[in-house]
file start.csv (CSV, C-alpha atoms and all ligand atoms)
chain,number,residue,atom,x,y,z
C,809,MET,CA,100.5,108.5,94.5
C,810,THR,CA,97.8,106.0,95.5
C,811,ARG,CA,98.3,104.0,92.3
C,812,ASP,CA,102.0,103.6,93.0
C,813,LEU,CA,101.3,102.6,96.6
C,814,ILE,CA,98.8,99.9,95.7
C,815,SER,CA,100.8,98.5,92.8
C,816,SER,CA,104.0,98.3,94.9
C,817,ALA,CA,102.3,96.7,98.0
C,818,ARG,CA,101.8,93.0,98.1
C,819,LYS,CA,100.6,92.6,101.7
C,820,ILE,CA,97.8,94.9,102.5
C,821,VAL,CA,95.8,95.4,105.7
C,822,ILE,CA,92.4,97.1,105.3
C,823,LYS,CA,90.5,98.5,108.3
C,824,ILE,CA,86.8,98.8,107.8
C,825,GLY,CA,85.1,101.1,110.3
C,826,SER,CA,81.5,100.8,111.6
C,827,ASN,CA,80.5,103.9,109.7
C,828,THR,CA,81.7,102.3,106.4
C,829,LEU,CA,79.9,99.0,107.2
C,830,ALA,CA,76.7,100.3,108.5
C,831,LYS,CA,74.0,102.2,106.5
C,832,SER,CA,72.6,105.3,108.0
C,833,ASP,CA,69.7,103.3,109.5
C,834,GLY,CA,72.2,101.1,111.3
C,835,SER,CA,71.7,98.0,109.2
C,836,VAL,CA,74.8,96.2,107.7
C,837,ASN,CA,75.7,97.3,104.2
C,838,MET,CA,75.9,94.0,102.3
C,839,ALA,CA,76.5,95.6,98.9
C,840,PHE,CA,79.7,97.2,100.3
C,841,MET,CA,80.8,93.9,101.8
C,842,GLU,CA,80.2,92.0,98.6
C,843,GLY,CA,81.9,94.7,96.6
C,844,LEU,CA,85.0,94.6,98.8
C,845,ALA,CA,85.1,90.8,98.7
C,846,GLU,CA,85.0,90.8,95.0
C,847,GLN,CA,87.7,93.4,94.6
C,848,CYS,CA,90.0,91.6,97.2
C,849,THR,CA,89.5,88.3,95.4
C,850,ALA,CA,90.4,89.8,92.0
C,851,LEU,CA,93.5,91.4,93.4
C,852,MET,CA,94.5,88.2,95.2
C,853,LYS,CA,94.4,86.5,91.8
C,854,ALA,CA,96.9,89.1,90.7
C,855,GLY,CA,99.2,88.3,93.6
C,856,LYS,CA,98.1,90.6,96.4
C,857,GLN,CA,97.4,89.4,100.0
C,858,PHE,CA,94.8,90.8,102.4
C,859,VAL,CA,94.1,90.9,106.1
C,860,LEU,CA,90.9,92.7,107.0
C,861,VAL,CA,90.3,94.4,110.4
C,862,SER,CA,86.5,94.8,110.7
C,863,SER,CA,84.6,96.8,113.2
C,864,GLY,CA,80.8,96.5,113.4
C,865,ALA,CA,80.1,93.9,116.2
C,866,GLN,CA,78.2,96.4,118.2
C,867,VAL,CA,76.3,97.9,115.3
C,868,ALA,CA,75.4,94.4,114.0
C,869,GLY,CA,74.3,93.4,117.5
C,870,LEU,CA,72.0,96.4,117.7
C,871,ALA,CA,70.6,95.7,114.2
C,872,THR,CA,70.0,92.1,115.0
C,873,LEU,CA,68.4,92.5,118.4
C,874,ASP,CA,66.8,95.9,118.0
C,875,ARG,CA,67.1,96.4,121.7
C,876,TRP,CA,69.6,97.7,124.3
C,877,ALA,CA,70.5,100.7,122.2
C,878,ARG,CA,70.5,102.9,125.3
C,879,LYS,CA,72.1,100.4,127.7
C,880,LYS,CA,75.6,101.7,128.6
C,881,ASP,CA,76.4,99.0,131.1
C,882,ILE,CA,79.5,97.1,130.1
C,883,HIS,CA,77.9,93.7,130.4
C,884,TYR,CA,75.2,94.7,128.0
C,885,ARG,CA,77.7,96.2,125.6
C,886,GLN,CA,79.8,93.0,125.7
C,887,ALA,CA,76.8,90.9,125.3
C,888,LEU,CA,75.8,93.0,122.3
C,889,CYS,CA,79.2,92.4,120.7
C,890,ALA,CA,78.9,88.6,121.4
C,891,ILE,CA,75.6,88.7,119.4
C,892,GLY,CA,76.8,91.1,116.7
C,893,GLN,CA,80.2,89.4,116.1
C,894,VAL,CA,78.5,86.3,114.8
C,895,GLU,CA,76.2,88.3,112.6
C,896,LEU,CA,79.1,90.3,111.3
C,897,MET,CA,81.2,87.3,110.4
C,898,ASP,CA,78.1,85.6,108.9
C,899,ASN,CA,77.8,88.6,106.6
C,900,TRP,CA,81.5,88.5,105.7
C,901,ARG,CA,81.4,84.8,105.0
C,902,ASN,CA,78.4,85.2,102.7
C,903,ALA,CA,80.0,88.2,101.0
C,904,PHE,CA,83.3,86.3,100.3
C,905,ALA,CA,81.5,83.1,99.4
C,906,LYS,CA,80.0,84.8,96.4
C,907,SER,CA,83.6,85.3,95.1
C,908,GLY,CA,84.6,81.8,96.1
C,909,THR,CA,87.0,82.9,98.9
C,910,HIS,CA,87.1,81.5,102.4
C,911,ILE,CA,87.6,83.7,105.5
C,912,GLY,CA,89.0,83.1,109.0
C,913,GLN,CA,88.3,85.0,112.2
C,914,LEU,CA,90.8,86.2,114.8
C,915,LEU,CA,89.5,88.1,117.9
C,916,LEU,CA,92.3,89.9,119.8
C,917,THR,CA,92.9,92.1,122.8
C,918,GLY,CA,95.7,94.4,123.7
C,919,GLU,CA,97.2,91.7,125.9
C,920,ASP,CA,97.7,89.5,122.9
C,921,PHE,CA,100.2,92.0,121.4
C,922,LYS,CA,102.2,92.2,124.6
C,923,ASP,CA,102.9,88.5,125.0
C,924,ASP,CA,105.7,87.0,122.8
C,925,GLN,CA,104.1,83.6,122.6
C,926,ARG,CA,100.7,84.9,121.6
C,927,THR,CA,102.1,87.3,119.0
C,928,LEU,CA,104.1,84.5,117.5
C,929,ASN,CA,101.0,82.3,117.3
C,930,ILE,CA,98.9,85.1,115.8
C,931,ARG,CA,101.6,85.8,113.2
C,932,ASN,CA,101.9,82.1,112.3
C,933,THR,CA,98.1,81.8,112.0
C,934,LEU,CA,97.9,84.9,109.8
C,935,PHE,CA,100.7,83.7,107.5
C,936,THR,CA,99.2,80.2,107.2
C,937,LEU,CA,95.7,81.6,106.3
C,938,VAL,CA,97.0,84.1,103.8
C,939,ASP,CA,99.4,81.6,102.2
C,940,GLU,CA,96.4,79.3,101.7
C,941,GLY,CA,94.4,82.0,100.0
C,942,VAL,CA,92.1,82.5,103.0
C,943,VAL,CA,91.3,86.1,104.1
C,944,PRO,CA,91.7,86.6,107.9
C,945,ILE,CA,89.2,89.0,109.4
C,946,ILE,CA,90.2,90.5,112.8
C,947,ASN,CA,88.3,92.4,115.4
C,948,GLU,CA,88.9,93.2,119.0
C,949,ASN,CA,87.5,90.5,121.3
C,950,ASP,CA,85.1,92.9,122.8
C,951,SER,CA,83.2,90.4,124.9
C,952,VAL,CA,86.2,89.5,127.0
C,953,SER,CA,88.1,92.8,126.8
C,954,TYR,CA,87.9,95.4,129.6
C,955,GLU,CA,89.5,98.7,130.2
C,956,GLU,CA,92.9,97.6,131.3
C,957,ILE,CA,93.6,95.1,128.5
C,958,LYS,CA,91.7,96.5,125.5
C,959,ILE,CA,93.1,98.3,122.5
C,960,GLY,CA,89.8,100.2,122.4
C,961,ASP,CA,89.6,101.1,118.7
C,962,ASN,CA,90.2,99.3,115.5
C,963,ASP,CA,92.4,102.1,114.0
C,964,ASN,CA,95.2,101.2,116.5
C,965,LEU,CA,94.3,97.5,116.2
C,966,SER,CA,94.9,97.6,112.4
C,967,ALA,CA,98.2,99.3,112.9
C,968,LEU,CA,99.3,96.7,115.4
C,969,THR,CA,98.1,94.0,112.9
C,970,ALA,CA,100.0,95.6,110.0
C,971,ILE,CA,103.2,95.6,112.1
C,972,LEU,CA,102.7,92.0,113.3
C,973,TRP,CA,102.1,90.7,109.8
C,974,SER,CA,104.9,92.9,108.3
C,975,ALA,CA,102.4,94.4,105.9
C,976,ASP,CA,103.5,96.7,103.0
C,977,LEU,CA,100.5,99.0,103.3
C,978,LEU,CA,97.8,99.8,105.8
C,979,ILE,CA,94.5,101.2,104.3
C,980,LEU,CA,92.0,102.8,106.7
C,981,LEU,CA,88.6,103.1,105.2
C,982,SER,CA,86.5,106.0,106.4
C,983,ASP,CA,83.4,108.0,105.5
C,984,ILE,CA,85.7,110.9,104.8
C,985,ASP,CA,88.1,111.3,101.8
C,986,GLY,CA,91.2,111.8,104.0
C,987,VAL,CA,92.7,114.6,106.2
C,988,TYR,CA,91.7,118.1,105.3
C,989,ASP,CA,93.5,121.3,106.3
C,990,LYS,CA,90.2,122.4,108.1
C,991,ASN,CA,86.8,120.7,108.8
C,992,PRO,CA,85.2,120.2,105.3
C,993,LYS,CA,81.7,120.1,106.9
C,994,GLU,CA,82.1,123.6,108.1
C,995,HIS,CA,84.5,125.0,105.5
C,996,PRO,CA,83.6,124.4,101.8
C,997,ASP,CA,87.1,125.6,100.8
C,998,ALA,CA,88.9,122.9,102.9
C,999,GLN,CA,91.7,121.2,101.0
C,1000,LEU,CA,92.5,117.5,101.1
C,1001,ILE,CA,96.0,116.9,102.2
C,1002,GLU,CA,97.3,114.2,99.9
C,1003,VAL,CA,100.7,113.4,101.3
C,1004,VAL,CA,101.8,113.6,104.9
C,1005,PRO,CA,105.6,113.3,105.1
C,1006,ASP,CA,105.7,114.3,108.8
C,1007,LEU,CA,102.9,113.6,111.2
C,1008,HIS,CA,104.1,116.0,113.9
C,1009,ILE,CA,104.0,118.9,111.5
C,1010,LEU,CA,100.5,117.8,110.4
C,1011,LYS,CA,99.2,117.6,114.0
C,1012,SER,CA,100.3,121.2,114.7
C,1013,THR,CA,98.5,122.5,111.6
C,1014,ILE,CA,95.1,120.8,111.7
C,1015,SER,CA,92.3,120.7,114.3
C,1016,ILE,CA,91.2,117.2,115.3
C,1017,GLY,CA,87.4,116.8,115.7
C,1018,SER,CA,85.5,114.3,117.9
C,1019,ALA,CA,84.5,110.7,117.1
C,1020,ASN,CA,81.8,110.1,114.5
C,1021,SER,CA,78.4,108.5,115.0
C,1022,PHE,CA,79.0,104.7,115.0
C,1023,GLY,CA,82.8,104.4,115.3
C,1024,THR,CA,84.9,104.5,118.4
C,1025,GLY,CA,87.8,106.4,116.9
C,1026,GLY,CA,87.7,109.7,115.0
C,1027,MET,CA,90.7,111.5,113.6
C,1028,GLN,CA,92.7,111.2,116.8
C,1029,THR,CA,93.0,107.3,116.6
C,1030,LYS,CA,93.6,107.5,112.9
C,1031,LEU,CA,96.7,109.6,113.5
C,1032,GLU,CA,97.8,107.3,116.3
C,1033,ALA,CA,97.5,104.4,113.8
C,1034,ALA,CA,99.6,106.4,111.3
C,1035,ASP,CA,102.2,107.1,113.9
C,1036,LYS,CA,102.6,103.4,114.8
C,1037,ALA,CA,102.6,102.1,111.2
C,1038,THR,CA,104.9,104.7,109.7
C,1039,ALA,CA,107.4,104.3,112.6
C,1040,TYR,CA,107.7,100.6,111.5
C,1041,GLY,CA,108.2,101.6,107.8
C,1042,ILE,CA,104.6,100.9,106.8
C,1043,PRO,CA,102.8,103.6,104.8
C,1044,MET,CA,99.2,104.3,105.7
C,1045,LEU,CA,96.4,105.5,103.4
C,1046,LEU,CA,93.3,107.1,104.8
C,1047,THR,CA,90.6,107.0,102.2
C,1048,ASN,CA,86.8,106.9,101.6
C,1049,GLY,CA,85.3,103.4,101.6
C,1050,GLY,CA,81.9,104.7,100.5
C,1051,ARG,CA,82.5,104.9,96.8
C,1052,PRO,CA,81.7,101.8,94.7
C,1053,ARG,CA,84.8,99.9,93.5
C,1054,PHE,CA,87.1,102.1,95.7
C,1055,LEU,CA,89.9,99.5,95.7
C,1056,GLU,CA,90.0,99.4,91.9
C,1057,ALA,CA,89.7,103.1,91.8
C,1058,LEU,CA,92.7,103.4,94.2
C,1059,ALA,CA,94.7,101.0,92.0
C,1060,ASP,CA,94.0,102.9,88.8
C,1061,GLY,CA,94.6,106.3,90.4
C,1062,SER,CA,91.1,107.6,90.0
C,1063,GLN,CA,90.5,107.8,93.8
C,1064,ASN,CA,92.9,109.4,96.2
C,1065,GLY,CA,93.1,110.0,100.0
C,1066,THR,CA,95.7,111.0,102.5
C,1067,VAL,CA,99.0,109.0,102.3
C,1068,PHE,CA,101.1,109.0,105.5
C,1069,LEU,CA,104.7,108.2,104.3
C,1070,ALA,CA,106.7,105.6,106.1
C,1071,LYS,CA,109.6,106.8,108.2
C,1072,ASP,CA,112.9,105.4,106.9
G,1,LIG,N1,85.4,96.5,118.0
G,1,LIG,C1,84.3,97.4,117.9
G,1,LIG,C2,83.1,96.7,117.2
G,1,LIG,O1,83.3,95.8,116.5
G,1,LIG,C3,84.7,98.6,117.1
G,1,LIG,C4,85.8,99.4,117.5
G,1,LIG,C5,86.0,100.6,116.5
G,1,LIG,O2,85.1,101.0,115.9
G,1,LIG,O3,87.1,101.1,116.4
G,1,LIG,O4,82.0,97.2,117.4
call {"tool": "encode", "arguments": {"input": "start.csv", "output": "structure tokens"}}
result
Amino acid sequence: MTRDLISSARKIVIKIGSNTLAKSDGSVNMAFMEGLAEQCTALMKAGKQFVLVSSGAQVAGLATLDRWARKKDIHYRQALCAIGQVELMDNWRNAFAKSGTHIGQLLLTGEDFKDDQRTLNIRNTLFTLVDEGVVPIINENDSVSYEEIKIGDNDNLSALTAILWSADLLILLSDIDGVYDKNPKEHPDAQLIEVVPDLHILKSTISIGSANSFGTGGMQTKLEAADKATAYGIPMLLTNGGRPRFLEALADGSQNGTVFLAKD
């Protein structure tokens, strides 16, 4: 299933969550970033196109500063993201430079997706970067965003991005293998659900837990992303980003995940 999905998709959006990017001590996982950059570059040579949606501004800010971990005040959190976003992109730039690929940064808020002129500009920028072999890396503009205008989590941001760019596939990388019929941490016999033809049926059969340690989302926002993308005819794959060479493993069928089928 995943093999067919990857081979038939040309335009792929990959969302990388903070839990995938950060090691357990909170530092940024450079080996992961370099591995992903290498695999994207190889697949780009084979004709695929990528847009990345990367979280991690806040985690990178904390790792850089080693202060403010307990500050909940919005100004401190936005300041932390301002610091961390630079570090995050510096890491991505170094990771992709090893493979000889350039990157570009887009920082967006919820408002950008509601304004026709802005969405057109974002679309044109994405198309231009990708056509020129540059990998766009998107995050929410956390330092200017506030409650009323923010998207709030990168699962939904990646779905909006996939729709805006008319992607063929959205891949959400997580620290879990996909959706299980019950919580695998509590139930060793939990089964991975490999294909979800109908999100509403799925929602009524599984229990949705809370957000994980570094990320904003959790299963709830992943299902919202699936809802948005599949309604626009874009399938979504939720899979584990923690395994080495996961993109190649998905392409050769040795790694699976949960595929949310596009609605016709
Ligand atoms: N934009 C946030 C950050 O870069 C992450 C949001 C999310 O994890 O969904 O820290």
call {"tool": "residues_near_ligand", "arguments": {"input": "start.csv", "ligand": "ligand LIG 1 (chain G)", "cutoff": "9 Å", "atoms": "only C-alpha atoms and all ligand atoms", "output": "JSON, numbers by chain"}}
result
{"C": [824, 825, 826, 827, 862, 863, 864, 865, 866, 867, 868, 869, 888, 889, 892, 893, 896, 947, 948, 949, 950, 959, 960, 961, 962, 963, 964, 965, 1022, 1023, 1024, 1025, 1026, 1029]}
call {"tool": "closest_residue", "arguments": {"input": "start.csv", "among": "C:Ala1057, C:Thr872, C:Val1067, C:Ser1062", "to": "Leu1031 of chain C", "atoms": "all atoms listed in the file"}}
result
C:Val1067
call {"tool": "residues_around", "arguments": {"input": "start.csv", "residues": "Thr1047 of chain C", "least_positions_apart": "3", "cutoff": "7 Å", "atoms": "only C-alpha atoms", "output": "list in words"}}
result
Leu980, Leu981, Ser982, Ile984, Asp985, Gly986, Asn1064, Gly1065 and Thr1066 of chain C
call {"tool": "closest_residue", "arguments": {"input": "start.csv", "among": "C:Asn1048, C:Gln913, C:Ile891, C:Ile814", "to": "Arg875 of chain C", "atoms": "all atoms listed in the file"}}
result
C:Ile891
call {"tool": "closest_residue", "arguments": {"input": "start.csv", "among": "C:Val942, C:Ile930, C:Ile1001, C:Val952", "to": "Ile911 of chain C", "atoms": "all atoms listed in the file"}}
result
C:Val942
call {"tool": "residues_around", "arguments": {"input": "start.csv", "residues": "Asn902 of chain C", "least_positions_apart": "6", "cutoff": "10 Å", "atoms": "only C-alpha atoms", "output": "list in words"}}
result
Met838, Met841, Glu842, Ala845, Gly908, Thr909, His910 and Ile911 of chain C
call {"tool": "atom_distance", "arguments": {"input": "start.csv", "atom1": "atom CA of Val1003 of chain C", "atom2": "atom CA of Tyr988 of chain C"}}
result
10.9 Å
call {"tool": "residues_around", "arguments": {"input": "start.csv", "residues": "Thr927 of chain C", "least_positions_apart": "3", "cutoff": "12 Å", "atoms": "only C-alpha atoms", "output": "tab-separated table (two decimals) with C-alpha atoms, keeping the file's coordinate frame"}}
result
chain	number	residue	atom	x	y	z
C	916	LEU	CA	92.30	89.90	119.80
C	917	THR	CA	92.90	92.10	122.80
C	918	GLY	CA	95.70	94.40	123.70
C	919	GLU	CA	97.20	91.70	125.90
C	920	ASP	CA	97.70	89.50	122.90
C	921	PHE	CA	100.20	92.00	121.40
C	922	LYS	CA	102.20	92.20	124.60
C	923	ASP	CA	102.90	88.50	125.00
C	924	ASP	CA	105.70	87.00	122.80
C	930	ILE	CA	98.90	85.10	115.80
C	931	ARG	CA	101.60	85.80	113.20
C	932	ASN	CA	101.90	82.10	112.30
C	933	THR	CA	98.10	81.80	112.00
C	934	LEU	CA	97.90	84.90	109.80
C	968	LEU	CA	99.30	96.70	115.40
C	969	THR	CA	98.10	94.00	112.90
C	971	ILE	CA	103.20	95.60	112.10
C	972	LEU	CA	102.70	92.00	113.30
C	973	TRP	CA	102.10	90.70	109.80
call {"tool": "atom_distance", "arguments": {"input": "start.csv", "atom1": "atom CA of Ala871 of chain C", "atom2": "atom CA of Tyr884 of chain C"}}
result
14.6 Å
call {"tool": "atom_distance", "arguments": {"input": "start.csv", "atom1": "atom CA of Ala1039 of chain C", "atom2": "atom CA of Ala998 of chain C"}}
result
28.0 Å
call {"tool": "closest_residue", "arguments": {"input": "start.csv", "among": "C:Ser816, C:Thr1013, C:Ser953, C:Gln1063", "to": "His883 of chain C", "atoms": "only C-alpha atoms"}}
result
C:Ser953
call {"tool": "closest_residue", "arguments": {"input": "start.csv", "among": "C:Ser951, C:Thr936, C:Thr849, C:Gln886", "to": "Ala905 of chain C", "atoms": "all atoms listed in the file"}}
result
C:Thr849
call {"tool": "closest_residue", "arguments": {"input": "start.csv", "among": "C:Ala1033, C:Val1004, C:Ala854, C:Leu1046", "to": "Phe1068 of chain C", "atoms": "all atoms listed in the file"}}
result
C:Val1004
